[in-house]
Amino acid sequence: MPLLSIVVPAYNEQDILEKTAAVISDTLSAADIRFEILFVNDGSRDGTWEKIQQAAKLNPRVRGISFSRNFGKESAILAGLSEAKGDCCAVIDCDLQQPPAAMVEMYHLWEQGYKVVNGVKSSRGKESALHRFAAKAFYAAMSAIVKIDMTKASDYKLLDREVVEVLLGMPERNYFFRALSEWVGYPSAAVEYDVAEREVGKSKWSTRALIKYAVTNITAFSSIPLNLITVLGGIVFLVAVVFGLIALIQYFSGTAVEGFTTVILLLLLIGSIIMVSLGIIGFYVSKIYEEIKQRPKFLIAARTDAAEKQAKEKEQK
Ligand code: UDP
Ligand code: MG
């Protein structure tokens, strides 16, 4: 019987962890699916790791690893996938906003031969209007770039072992799970789910973090911003030609003294365009710098006993 590994990234989720483990476990047991749950403690500052260790003691199907510090959700997903042993791997949030029942449906689709099964949000749950708008804009841009509709995409997915290996083999440091698992292609299916409200704790995403996330991921997938600079340069050049001609005409007709305001405005405009352009180029350079350092994407500081044993076995092989 095939094994399903469930990767659960957890950052400061002590209050719900126990329940998450129980709900996932019950749902899959009821559906007669062989599974393991792999919690990844992403450098939580509360009792999450202790809770994971407890859960692992209670339930032999639960394993856990713990990062040395907070590396972010994408790294946590990646670490979970690299530790997972399943023939297929699912990724689900720790806060139960994504109904575990949908995983059963995903699993059956996988059995039918789909290599990527995407959880698709049928509604986005409760959010502020601004957040909703920003998310929409980001996913519209992202969809245009990846050329796949991502407006309803989420990290709730089930992947075949083959796809997991491809993802693990990707050398990039800047890892955008949601888009990369689309990027790889492979026959995919979708399962719709309703986003539930967060029961305890609050979303780990501040507006600042979300903006950073959006900018980083767009630049990780696209060099359009760089091309935009060239386009801007072209436009400014055209404007320059027009103004140059006007200036020459004025010079030869002897009315050249006026136009001080124009000069100031042009200076300001061109100055700001140059600075923004330099900023964009600088951003890409910094990303190249990050990638080229080849630092590990995460550091595992601790494992639950069972996970430790498995890691040793893997090493010996
Ligand atoms: N998470 C993580 N590392 C982080 C931030 C979040 O592992 O740095 C986990 C978090 O514990 C949860 C999932 O990512 O399991 C989604 O986080 P959250 O619910 O805060 O995001 P939202 O549902 O608001 O998008
Ligand atoms: Mg959530």
# chains A, B, ... in the order shown; residues from 1 in each chain; ligands from 1
call {"tool": "select_by_dssp", "arguments": {"residues": "range 122-260 of chain A", "states": "alpha helix (DSSP H)", "output": "NGL selection string"}}
result
:A and (129-146 or 161-168 or 177-183 or 207-221 or 224-253 or 260)
call {"tool": "residues_around", "arguments": {"residues": "Arg61 in chain A", "least_positions_apart": "5", "cutoff": "9 Å", "atoms": "only C-alpha atoms", "output": "PyMOL selection string"}}
result
chain A and resi 25+35-38+56
call {"tool": "residues_around", "arguments": {"residues": "range 77-90 of chain A", "least_positions_apart": "6", "cutoff": "9 Å", "atoms": "only C-alpha atoms", "output": "MDAnalysis selection string"}}
result
chainID A and resid 2:9 35:40 64:65 103 106:107 110 115 117 156:165 167:168 175 177 297:300 307 310:311
call {"tool": "write_last_selection", "arguments": {"atoms": "C-alpha atoms", "output": "PDB file, in the first residue's frame"}}
result
ATOM      1  CA  PRO A   2       1.436   3.392  -0.962  1.00  0.00           C
ATOM      2  CA  LEU A   3       2.487   5.853   1.702  1.00  0.00           C
ATOM      3  CA  LEU A   4       1.270   9.434   1.875  1.00  0.00           C
ATOM      4  CA  SER A   5       3.594  11.902   3.618  1.00  0.00           C
ATOM      5  CA  ILE A   6       1.981  15.025   4.963  1.00  0.00           C
ATOM      6  CA  VAL A   7       4.290  17.981   5.404  1.00  0.00           C
ATOM      7  CA  VAL A   8       3.085  20.564   7.920  1.00  0.00           C
ATOM      8  CA  PRO A   9       5.134  23.756   8.307  1.00  0.00           C
ATOM      9  CA  PHE A  35       0.291   8.021   5.985  1.00  0.00           C
ATOM     10  CA  GLU A  36       2.968   9.769   7.991  1.00  0.00           C
ATOM     11  CA  ILE A  37       2.804  13.315   9.320  1.00  0.00           C
ATOM     12  CA  LEU A  38       5.938  15.407   9.208  1.00  0.00           C
ATOM     13  CA  PHE A  39       5.914  18.588  11.234  1.00  0.00           C
ATOM     14  CA  VAL A  40       8.560  21.161  10.428  1.00  0.00           C
ATOM     15  CA  GLY A  64       9.167  16.179  13.376  1.00  0.00           C
ATOM     16  CA  ILE A  65      12.189  18.244  12.498  1.00  0.00           C
ATOM     17  CA  MET A 103      -6.558  15.580   1.146  1.00  0.00           C
ATOM     18  CA  MET A 106      -6.442  14.633  -3.586  1.00  0.00           C
ATOM     19  CA  TYR A 107      -5.088  11.204  -2.734  1.00  0.00           C
ATOM     20  CA  TRP A 110      -3.238  10.827  -7.324  1.00  0.00           C
ATOM     21  CA  LYS A 115       1.203  13.800 -10.488  1.00  0.00           C
ATOM     22  CA  VAL A 117      -3.033  17.768  -7.310  1.00  0.00           C
ATOM     23  CA  TYR A 156      -2.236  23.065  -0.273  1.00  0.00           C
ATOM     24  CA  LYS A 157      -1.062  20.397  -2.688  1.00  0.00           C
ATOM     25  CA  LEU A 158      -0.352  16.754  -3.172  1.00  0.00           C
ATOM     26  CA  LEU A 159       2.667  15.792  -5.257  1.00  0.00           C
ATOM     27  CA  ASP A 160       3.883  12.537  -6.685  1.00  0.00           C
ATOM     28  CA  ARG A 161       7.348  11.309  -5.632  1.00  0.00           C
ATOM     29  CA  GLU A 162       8.640  12.071  -9.137  1.00  0.00           C
ATOM     30  CA  VAL A 163       7.631  15.737  -8.843  1.00  0.00           C
ATOM     31  CA  VAL A 164       9.015  15.951  -5.309  1.00  0.00           C
ATOM     32  CA  GLU A 165      12.391  14.768  -6.552  1.00  0.00           C
ATOM     33  CA  LEU A 167      11.551  20.124  -6.825  1.00  0.00           C
ATOM     34  CA  LEU A 168      14.246  18.944  -4.430  1.00  0.00           C
ATOM     35  CA  TYR A 175      12.018  29.002  -3.597  1.00  0.00           C
ATOM     36  CA  PHE A 177       6.648  26.489  -3.926  1.00  0.00           C
ATOM     37  CA  LYS A 297      18.123  26.751   2.333  1.00  0.00           C
ATOM     38  CA  PHE A 298      17.612  25.618   5.919  1.00  0.00           C
ATOM     39  CA  LEU A 299      19.472  24.089   8.846  1.00  0.00           C
ATOM     40  CA  ILE A 300      17.905  21.263  10.798  1.00  0.00           C
ATOM     41  CA  ALA A 307      12.963  11.115  12.429  1.00  0.00           C
ATOM     42  CA  GLN A 310      15.419   7.550   9.667  1.00  0.00           C
ATOM     43  CA  ALA A 311      17.897  10.256   8.878  1.00  0.00           C
TER      44      ALA A 311
END
call {"tool": "closest_atom_pairs", "arguments": {"of": "chain A", "to": "ligand 1", "cutoff": "9 Å", "atoms": "only C-alpha atoms and all ligand atoms", "output": "JSON lines"}}
result
{"residue": "A:Val8", "atom": "CA", "partner": "ligand 1", "partner_atom_place_in_ligand_line": "15 (O)", "distance": 6.4}
{"residue": "A:Pro9", "atom": "CA", "partner": "ligand 1", "partner_atom_place_in_ligand_line": "7 (O)", "distance": 4.1}
{"residue": "A:Ala10", "atom": "CA", "partner": "ligand 1", "partner_atom_place_in_ligand_line": "11 (O)", "distance": 3.4}
{"residue": "A:Tyr11", "atom": "CA", "partner": "ligand 1", "partner_atom_place_in_ligand_line": "11 (O)", "distance": 3.8}
{"residue": "A:Asn12", "atom": "CA", "partner": "ligand 1", "partner_atom_place_in_ligand_line": "11 (O)", "distance": 6.2}
{"residue": "A:Glu13", "atom": "CA", "partner": "ligand 1", "partner_atom_place_in_ligand_line": "11 (O)", "distance": 5.8}
{"residue": "A:Val40", "atom": "CA", "partner": "ligand 1", "partner_atom_place_in_ligand_line": "7 (O)", "distance": 7.2}
{"residue": "A:Asn41", "atom": "CA", "partner": "ligand 1", "partner_atom_place_in_ligand_line": "7 (O)", "distance": 6.9}
{"residue": "A:Asp42", "atom": "CA", "partner": "ligand 1", "partner_atom_place_in_ligand_line": "7 (O)", "distance": 5.1}
{"residue": "A:Gly43", "atom": "CA", "partner": "ligand 1", "partner_atom_place_in_ligand_line": "3 (N)", "distance": 7.9}
{"residue": "A:Ser44", "atom": "CA", "partner": "ligand 1", "partner_atom_place_in_ligand_line": "3 (N)", "distance": 8.2}
{"residue": "A:Asn70", "atom": "CA", "partner": "ligand 1", "partner_atom_place_in_ligand_line": "8 (O)", "distance": 6.0}
{"residue": "A:Phe71", "atom": "CA", "partner": "ligand 1", "partner_atom_place_in_ligand_line": "8 (O)", "distance": 6.4}
{"residue": "A:Gly72", "atom": "CA", "partner": "ligand 1", "partner_atom_place_in_ligand_line": "8 (O)", "distance": 3.8}
{"residue": "A:Lys73", "atom": "CA", "partner": "ligand 1", "partner_atom_place_in_ligand_line": "3 (N)", "distance": 3.9}
{"residue": "A:Glu74", "atom": "CA", "partner": "ligand 1", "partner_atom_place_in_ligand_line": "7 (O)", "distance": 7.5}
{"residue": "A:Ser75", "atom": "CA", "partner": "ligand 1", "partner_atom_place_in_ligand_line": "7 (O)", "distance": 8.1}
{"residue": "A:Ala76", "atom": "CA", "partner": "ligand 1", "partner_atom_place_in_ligand_line": "7 (O)", "distance": 5.7}
{"residue": "A:Ile77", "atom": "CA", "partner": "ligand 1", "partner_atom_place_in_ligand_line": "7 (O)", "distance": 7.7}
{"residue": "A:Ile92", "atom": "CA", "partner": "ligand 1", "partner_atom_place_in_ligand_line": "15 (O)", "distance": 7.1}
{"residue": "A:Asp93", "atom": "CA", "partner": "ligand 1", "partner_atom_place_in_ligand_line": "15 (O)", "distance": 3.7}
{"residue": "A:Cys94", "atom": "CA", "partner": "ligand 1", "partner_atom_place_in_ligand_line": "15 (O)", "distance": 3.6}
{"residue": "A:Asp95", "atom": "CA", "partner": "ligand 1", "partner_atom_place_in_ligand_line": "15 (O)", "distance": 5.5}
{"residue": "A:Leu96", "atom": "CA", "partner": "ligand 1", "partner_atom_place_in_ligand_line": "15 (O)", "distance": 8.2}
{"residue": "A:Gln97", "atom": "CA", "partner": "ligand 1", "partner_atom_place_in_ligand_line": "23 (O)", "distance": 6.7}
{"residue": "A:Gln98", "atom": "CA", "partner": "ligand 1", "partner_atom_place_in_ligand_line": "23 (O)", "distance": 8.6}
{"residue": "A:Ser154", "atom": "CA", "partner": "ligand 1", "partner_atom_place_in_ligand_line": "25 (O)", "distance": 8.7}
{"residue": "A:Asp155", "atom": "CA", "partner": "ligand 1", "partner_atom_place_in_ligand_line": "16 (C)", "distance": 8.7}
{"residue": "A:Val195", "atom": "CA", "partner": "ligand 1", "partner_atom_place_in_ligand_line": "23 (O)", "distance": 8.8}
{"residue": "A:Glu197", "atom": "CA", "partner": "ligand 1", "partner_atom_place_in_ligand_line": "23 (O)", "distance": 8.9}
{"residue": "A:Arg198", "atom": "CA", "partner": "ligand 1", "partner_atom_place_in_ligand_line": "19 (O)", "distance": 7.3}
{"residue": "A:Gly201", "atom": "CA", "partner": "ligand 1", "partner_atom_place_in_ligand_line": "20 (O)", "distance": 8.5}
{"residue": "A:Lys202", "atom": "CA", "partner": "ligand 1", "partner_atom_place_in_ligand_line": "20 (O)", "distance": 6.4}
{"residue": "A:Ser203", "atom": "CA", "partner": "ligand 1", "partner_atom_place_in_ligand_line": "20 (O)", "distance": 3.5}
{"residue": "A:Lys204", "atom": "CA", "partner": "ligand 1", "partner_atom_place_in_ligand_line": "20 (O)", "distance": 3.5}
{"residue": "A:Trp205", "atom": "CA", "partner": "ligand 1", "partner_atom_place_in_ligand_line": "20 (O)", "distance": 5.6}
call {"tool": "residues_around", "arguments": {"residues": "Ala101 in chain A", "least_positions_apart": "4", "cutoff": "9 Å", "atoms": "only C-alpha atoms", "output": "list in words"}}
result
Ile24, Thr27, Leu28 and Glu105 of chain A
call {"tool": "residues_around", "arguments": {"residues": "Tyr139 in chain A", "least_positions_apart": "6", "cutoff": "9 Å", "atoms": "only C-alpha atoms", "output": "ChimeraX atom specification"}}
result
/A:149-153,214
call {"tool": "select_by_dssp", "arguments": {"residues": "range 103-243 of chain A", "states": "strand (DSSP E)", "output": "count of residues only"}}
result
19
call {"tool": "residues_around", "arguments": {"residues": "Asn174 in chain A", "least_positions_apart": "6", "cutoff": "8 Å", "atoms": "only C-alpha atoms", "output": "mmCIF file with C-alpha atoms, in the first residue's frame"}}
result
data_model
loop_
_atom_site.group_PDB
_atom_site.id
_atom_site.type_symbol
_atom_site.label_atom_id
_atom_site.label_comp_id
_atom_site.auth_asym_id
_atom_site.auth_seq_id
_atom_site.Cartn_x
_atom_site.Cartn_y
_atom_site.Cartn_z
ATOM 1 C CA THR A 216 10.835 38.604 -4.265
ATOM 2 C CA ASN A 217 8.688 36.055 -6.019
ATOM 3 C CA ALA A 220 12.427 35.248 -8.988
ATOM 4 C CA GLU A 291 21.903 32.638 -5.120
#
